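**Student:** The following block contains the structure, expressed as structure tokens.
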Amino acid sequence: MRNIRILTMNIQAQAWPAGPHSDAKWRAEAAVKALDPGNFAFDEHPDVVVFNEADNEDAKEILETGLKDMYPHFIVSFNGGSGDLNDGGLAIFSKFEFRELPPSDYNFSNNRSRFYPYISAGIAGMFYPMSASDDGLAEKGVAIVQISTGLHFEIVTIALTHLQAFYEEVGEHHTIRLRQLKVIEAELIDLIGAPEDNGNWDKVIVLGDLNIRGDTPPYSTEGHGEWTNVFINNGGPYNNASQGIAVRQNKLIFTEQLIDGWRTFMTPPGAFMEADPGLTNTNLKEGEHLPAGLKERLDYICFPKQRTDAMGETPRHLVAQHMRILPSNFSALDMAFERIQSDHKGILAQVHWQFKYNTPNQAKLQGDFVHFQAPDSLVKVNIANDLKIPSPGVFQWIYIHEPGTYTFTYSPNLEAAFYYENAMSTKIDPFNQVKWGELGLDLDWLNSLQHEFGLSEVGDQVDVHRPMFIRLKAAERDDQFTGNIAFSFIKHTGENRFLAIGLLPNDIPKDPRLPVGQKNGKNDECWFRAPLAEQLLSGNPYPAQFYIKNDFERKIRLSLFEGIAAPAPFAQVTNEDRLTVIDYDRAADIQDVYILLERSQTTDYEFLAGYRYSISYLNHLEIYSIEDQSGLGADEIHLTMTADDMAANFLDFTDEDFDDDERRMLNSYYPKNTAFDNRLNVTVFELDNGDDDDDGPFTGTIPALKKSENSRESSIIIEAEGAEYQISYKLSRNPNR
């Protein structure tokens with residue numbers, strides 16, 4: 001029994017007139033390529049894939065042809081394939097067989113699915129619409145299938161849908177969406193029975209583009225309050241006859257039986273709001289009160305709510321052990337999903353039964369570990385031995401809320417992944433792996449702990465600059481493992497190089513909190529680690545400064561070492577100044593600098609360490625067409641970029657069909673870590689007449705970060721011949737992951 005993986009994504013492969021026919025075809029082709037198993041970790045390839053806006057007939061054929069070998073069970077058109085203009089755009093692909101459903105007038109696919117269209121109704125002379133504006137061109141509805149997953153041969157019910165869109169402002173048409181949610185409720189009840197004290201509801205998943213904004217505080221305005229009405233208030237004041245709702249008034253399964261998976265499971269323990277907003281959509285077309293470029297969370301995977309049965313017990317139910325937004329970073333998998341170029345992102349959920357510690361919101365807390373004090377040191381080894389993998393594929397989560405630098409060690413048959421709480425889709429790589437014997441602590445004492453708790457002799461070293469989650473799972477070589485596991489952490493004190501404290505460039509200087517009247521380790525040393533930037537694209541050296549603030553003007557010695565193994569410092573200074581600075585020109589090679597602070601006596605304290613450099617990284621880039629294009633038919637662009645004074649392009653992008661209100665994300669078209677010193681130079685050519693670089697060049701400049709900036713999200717406008725382009729970007733001091 002392993003976990004199951006479910007992916008949902010609105011791929012924007014729309015039929016005319018909702019979207020360009022050619023865009024739908026290449027988006028479908030990109031989706032097929034993105035789902036290549038080679039892009040995924042061994043336990044991440046989706047078992048079930050649900051698409052929204054896959055309503056273009058050519059796109060359906062491309063998806064079916066490209067995915068049927070991986071997913072032998074699939075339905076690419078619901079309601080019998082009614083054609084481009086009134087197909088709801090839902091599609092599902094599964095490695096698991098669809099079960100035969102009881103007879104119903106709504107059954108399709110040889111009784112392997114049901115589809116309920118959202119049909120407007122009139123009651124007592126009143127008309128209650130189920131669609132508005134452009135949504136009326138698509139026959140939206142809810143499709144339901146059941147699969148046998150192998151989770152103790154359990155049957156899982158999956159409802160996939162795409163609810164009414166809003167156009168002019170957040171929350172617009174919320175009563176239509178409520179009526180659509182009531183249809184989902186009614187048809188699930190029709191299939192699996194009333195939700196009260198019914199175990200079938202512990203295995204229900206509802207997913208798709210719900211068009212309910214879930215990212216900002218859900219109770220702040222009327223528009224955002226839709227989330228609260230749906231998931232907390234049983235539909236709010238609209239779930240009654242005033243909106244044509246005649247059945248189960250003032251009751252809603254999305255409050256009483258189901259939960260918003262992202263907000264529930266991806267939230268820090270004890271918190272109501274997630275730290276990572278889980279944004280899945282970029283609004284492309286400006287509305288009256290809805291700006292173009294607005295980032296939102298509109299896509300959902302809803303899971304069963306924990307309940308207490310008639311016997312007072314808590315039945316097991318399905319949970320999301322981890323949910324990941326695709327694309328979110330610069331991994332090969334994320335870049336493959338970016339090539340789909342949809343205005344939505346996908347959500348990949350790893351699903352299992354609920355067990356102790358197997359979701360982020362139920363993670364084991366840092367303060368609940370048992371502490372062991374190292375001899376002749378300030379270091380404590382903190383160990384948890386109540387972690388367990390009760391079934392293959394179960395995760396265990398740990399929450400580290402105290403910033404610092406850590407060495408993490410765990411059972412040798414495990415894999416660990418590290419995520420900042422505000423970036424649950426992006427793994428943080430350890431900066432080093434170290435053997436316990438290298439930590440400079442009492443080796444016999446460490447070995448006794450290692451053998452007692454079954455810990456590996458090698459640990460991961462990670463800078464925790466903000467609260468972090470750690471995900472533990474069985475390693476691929478032992479993926480069927482079940483049993484008890486152990487995990488330990490050491491928070492670095494700086495007493496030697498292998499226990500150095502990590503710094504962030506251009507950040508607030510860090511206080512190592514040296515003990516007063518007591519040595520910091522055997523030699524009373526304090527080590528810091530300063531990761532340096534990537535080589536500039538230009539290959540030029542760049543200046544860096546390393547400093548110690550010493551407000552009490554105590555005598556100190558500051559030494560700099562190139563790397564953890566350097567036998568001697570490359571720079572050293574001794575003084576009693578309030579600020580001690582060492583300037584250094586960094587050449588092309590990439591290496592950490594280790595900083596050694598030595599005080600003259602143990603009663604000296606309140607030293608602050610930091611470093612800075614002027615490098616900027618390009619973290620995100622996209623182009624958006626915000627004005628009418630010249631001429632009829634497809635419009636072509638050619639965009640290039642250089643850095644600083646470079647002559648060679650580091651980005652060269654051509655699109656033969658770039659039309660009004662379209663966007664292209666460009667992260668997969670430039671080197672992962674694009675470091676520059678002064679500026680990025682953008683050049684756009686228009687190729688509308690079919691000739692190379694027919695119109696142009698049209699140029700713009702993205703300036704590097706100022707000394708006072710650590711990050712910037714902004715855009716520039718490039719005026720072209722009969723067109724206007726917005727180049728949106730994000731810069732920071734940190735490389736991409």
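Letters for chains follow the order of the structure tokens (A, B, ...), residue numbers begin at 1 for each chain, and ligand numbers begin at 1 in the order shown.
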Could you find all residues in stretch 156-352 of chain A that DSSP calls alpha helix (DSSP H) from the backbone, and write them as number ranges by chain?
**Tutor:** A: 174-192, 225-231, 253-256, 261-265, 332-338
**Student:** Could you write out that same residue set with C-alpha atoms as a PDB file, in the first residue's frame?
**Tutor:**
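Result saved to selection.pdb:
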```pdb
ATOM      1  CA  HIS A 174     -20.354  33.898  -6.484  1.00  0.00           C
ATOM      2  CA  THR A 175     -24.015  32.854  -6.287  1.00  0.00           C
ATOM      3  CA  ILE A 176     -23.656  30.965  -9.574  1.00  0.00           C
ATOM      4  CA  ARG A 177     -20.645  29.123  -8.178  1.00  0.00           C
ATOM      5  CA  LEU A 178     -22.651  28.283  -5.061  1.00  0.00           C
ATOM      6  CA  ARG A 179     -25.404  26.744  -7.186  1.00  0.00           C
ATOM      7  CA  GLN A 180     -22.760  24.735  -9.014  1.00  0.00           C
ATOM      8  CA  LEU A 181     -21.312  23.524  -5.706  1.00  0.00           C
ATOM      9  CA  LYS A 182     -24.810  22.417  -4.713  1.00  0.00           C
ATOM     10  CA  VAL A 183     -24.966  20.339  -7.906  1.00  0.00           C
ATOM     11  CA  ILE A 184     -21.699  18.636  -6.911  1.00  0.00           C
ATOM     12  CA  GLU A 185     -23.160  18.015  -3.465  1.00  0.00           C
ATOM     13  CA  ALA A 186     -26.405  16.546  -4.797  1.00  0.00           C
ATOM     14  CA  GLU A 187     -24.737  14.239  -7.297  1.00  0.00           C
ATOM     15  CA  LEU A 188     -22.181  12.911  -4.823  1.00  0.00           C
ATOM     16  CA  ILE A 189     -25.044  12.151  -2.442  1.00  0.00           C
ATOM     17  CA  ASP A 190     -26.870  10.433  -5.288  1.00  0.00           C
ATOM     18  CA  LEU A 191     -23.862   8.169  -5.896  1.00  0.00           C
ATOM     19  CA  ILE A 192     -22.464   7.396  -2.425  1.00  0.00           C
ATOM     20  CA  GLY A 225     -15.326  36.277   1.794  1.00  0.00           C
ATOM     21  CA  GLU A 226     -16.560  33.717  -0.719  1.00  0.00           C
ATOM     22  CA  TRP A 227     -13.915  31.305   0.573  1.00  0.00           C
ATOM     23  CA  THR A 228     -15.245  31.727   4.114  1.00  0.00           C
ATOM     24  CA  ASN A 229     -18.832  31.218   2.988  1.00  0.00           C
ATOM     25  CA  VAL A 230     -17.943  28.005   1.160  1.00  0.00           C
ATOM     26  CA  PHE A 231     -15.475  26.380   3.557  1.00  0.00           C
ATOM     27  CA  ILE A 253     -20.499  19.517   2.038  1.00  0.00           C
ATOM     28  CA  PHE A 254     -17.567  21.901   1.485  1.00  0.00           C
ATOM     29  CA  THR A 255     -18.046  23.085   5.066  1.00  0.00           C
ATOM     30  CA  GLU A 256     -19.221  19.945   6.829  1.00  0.00           C
ATOM     31  CA  GLY A 261      -6.503  20.793   1.045  1.00  0.00           C
ATOM     32  CA  TRP A 262      -3.922  23.541   0.602  1.00  0.00           C
ATOM     33  CA  ARG A 263      -5.103  25.742   3.466  1.00  0.00           C
ATOM     34  CA  THR A 264      -5.534  22.774   5.790  1.00  0.00           C
ATOM     35  CA  PHE A 265      -2.483  20.622   5.148  1.00  0.00           C
ATOM     36  CA  ALA A 332      13.708  20.194 -14.604  1.00  0.00           C
ATOM     37  CA  LEU A 333      10.159  19.156 -13.678  1.00  0.00           C
ATOM     38  CA  ASP A 334       9.039  22.726 -13.045  1.00  0.00           C
ATOM     39  CA  MET A 335      10.576  23.973 -16.279  1.00  0.00           C
ATOM     40  CA  ALA A 336       8.755  21.197 -18.175  1.00  0.00           C
ATOM     41  CA  PHE A 337       5.440  22.412 -16.728  1.00  0.00           C
ATOM     42  CA  GLU A 338       6.300  26.039 -17.463  1.00  0.00           C
TER      43      GLU A 338
END
```
**Student:** Write out as a PDB file with N, CA and C atoms, in the first residue's frame which residues come within 6 Å of stretch 527-531 of chain A when counting only C-alpha atoms, dropping same-chain ones fewer than 2 positions away.
**Tutor:**
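For reference, part-v1.pdb as written:
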```
ATOM      1  N   GLY A 494      28.761  27.756  16.166  1.00  0.00           N
ATOM      2  CA  GLY A 494      29.906  28.464  15.610  1.00  0.00           C
ATOM      3  C   GLY A 494      31.225  28.089  16.248  1.00  0.00           C
ATOM      4  N   ASN A 496      33.285  25.685  15.802  1.00  0.00           N
ATOM      5  CA  ASN A 496      34.313  25.256  14.854  1.00  0.00           C
ATOM      6  C   ASN A 496      33.748  25.389  13.443  1.00  0.00           C
ATOM      7  N   ARG A 497      34.573  25.114  12.431  1.00  0.00           N
ATOM      8  CA  ARG A 497      34.125  25.340  11.049  1.00  0.00           C
ATOM      9  C   ARG A 497      32.919  24.496  10.679  1.00  0.00           C
ATOM     10  N   ALA A 500      29.745  26.015  11.812  1.00  0.00           N
ATOM     11  CA  ALA A 500      29.669  27.435  11.462  1.00  0.00           C
ATOM     12  C   ALA A 500      28.218  27.877  11.318  1.00  0.00           C
ATOM     13  N   ILE A 501      27.999  29.162  11.579  1.00  0.00           N
ATOM     14  CA  ILE A 501      26.675  29.775  11.482  1.00  0.00           C
ATOM     15  C   ILE A 501      26.543  30.427  10.110  1.00  0.00           C
ATOM     16  N   GLY A 502      25.504  30.078   9.378  1.00  0.00           N
ATOM     17  CA  GLY A 502      25.317  30.596   8.029  1.00  0.00           C
ATOM     18  C   GLY A 502      24.805  32.023   8.016  1.00  0.00           C
ATOM     19  N   LEU A 503      25.320  32.815   7.093  1.00  0.00           N
ATOM     20  CA  LEU A 503      24.897  34.195   6.905  1.00  0.00           C
ATOM     21  C   LEU A 503      24.196  34.345   5.559  1.00  0.00           C
ATOM     22  N   ASP A 592      32.497  29.024  -0.840  1.00  0.00           N
ATOM     23  CA  ASP A 592      32.088  29.675   0.397  1.00  0.00           C
ATOM     24  C   ASP A 592      33.300  30.307   1.072  1.00  0.00           C
ATOM     25  N   VAL A 593      33.070  31.416   1.724  1.00  0.00           N
ATOM     26  CA  VAL A 593      34.082  32.023   2.582  1.00  0.00           C
ATOM     27  C   VAL A 593      33.698  31.742   4.029  1.00  0.00           C
ATOM     28  N   TYR A 594      34.649  31.240   4.805  1.00  0.00           N
ATOM     29  CA  TYR A 594      34.438  30.997   6.231  1.00  0.00           C
ATOM     30  C   TYR A 594      35.105  32.118   7.014  1.00  0.00           C
ATOM     31  N   ILE A 595      34.354  32.672   7.947  1.00  0.00           N
ATOM     32  CA  ILE A 595      34.781  33.824   8.732  1.00  0.00           C
ATOM     33  C   ILE A 595      35.035  33.360  10.163  1.00  0.00           C
ATOM     34  N   LEU A 596      36.226  33.655  10.671  1.00  0.00           N
ATOM     35  CA  LEU A 596      36.564  33.308  12.051  1.00  0.00           C
ATOM     36  C   LEU A 596      36.658  34.581  12.883  1.00  0.00           C
TER      37      LEU A 596
END
```
**Student:** Near A:Thr642, counting only C-alpha atoms, which residues have an atom at most 10 Å away, once you skip same-chain residues fewer than 4 positions from it, shown as an MDAnalysis selection string?
**Tutor:** chainID A and resid 537:538 646:652 676 679:683 701
**Student:** Restricting the output to C-alpha atoms, write the selected residues as a PDB file, in the first residue's frame.
**Tutor:**
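Below is the file part-v4.pdb, written as the result:
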```pdb
ATOM      1  CA  LEU A 537      27.632  36.058 -16.781  1.00  0.00           C
ATOM      2  CA  SER A 538      30.294  38.497 -17.924  1.00  0.00           C
ATOM      3  CA  MET A 646      28.175  41.400 -22.738  1.00  0.00           C
ATOM      4  CA  ALA A 647      27.805  41.136 -26.497  1.00  0.00           C
ATOM      5  CA  ALA A 648      26.432  37.579 -26.540  1.00  0.00           C
ATOM      6  CA  ASN A 649      22.778  36.862 -25.768  1.00  0.00           C
ATOM      7  CA  PHE A 650      22.024  34.722 -22.749  1.00  0.00           C
ATOM      8  CA  LEU A 651      18.342  34.544 -23.787  1.00  0.00           C
ATOM      9  CA  ASP A 652      17.051  34.164 -27.336  1.00  0.00           C
ATOM     10  CA  PHE A 676      24.760  40.334 -13.209  1.00  0.00           C
ATOM     11  CA  ARG A 679      21.766  45.865 -15.867  1.00  0.00           C
ATOM     12  CA  LEU A 680      19.931  43.500 -18.179  1.00  0.00           C
ATOM     13  CA  ASN A 681      19.437  44.685 -21.750  1.00  0.00           C
ATOM     14  CA  VAL A 682      16.178  43.650 -23.453  1.00  0.00           C
ATOM     15  CA  THR A 683      15.657  43.774 -27.218  1.00  0.00           C
ATOM     16  CA  THR A 701      16.690  48.015 -19.580  1.00  0.00           C
TER      17      THR A 701
END
```
**Student:** I'd like the interatomic distance between atom CA of A:Ser377 and atom CA of A:Leu532, to a tenth of an Å.
**Tutor:**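 For atom CA of A:Ser377 relative to atom CA of A:Leu532, the distance reads 29.3 Å.
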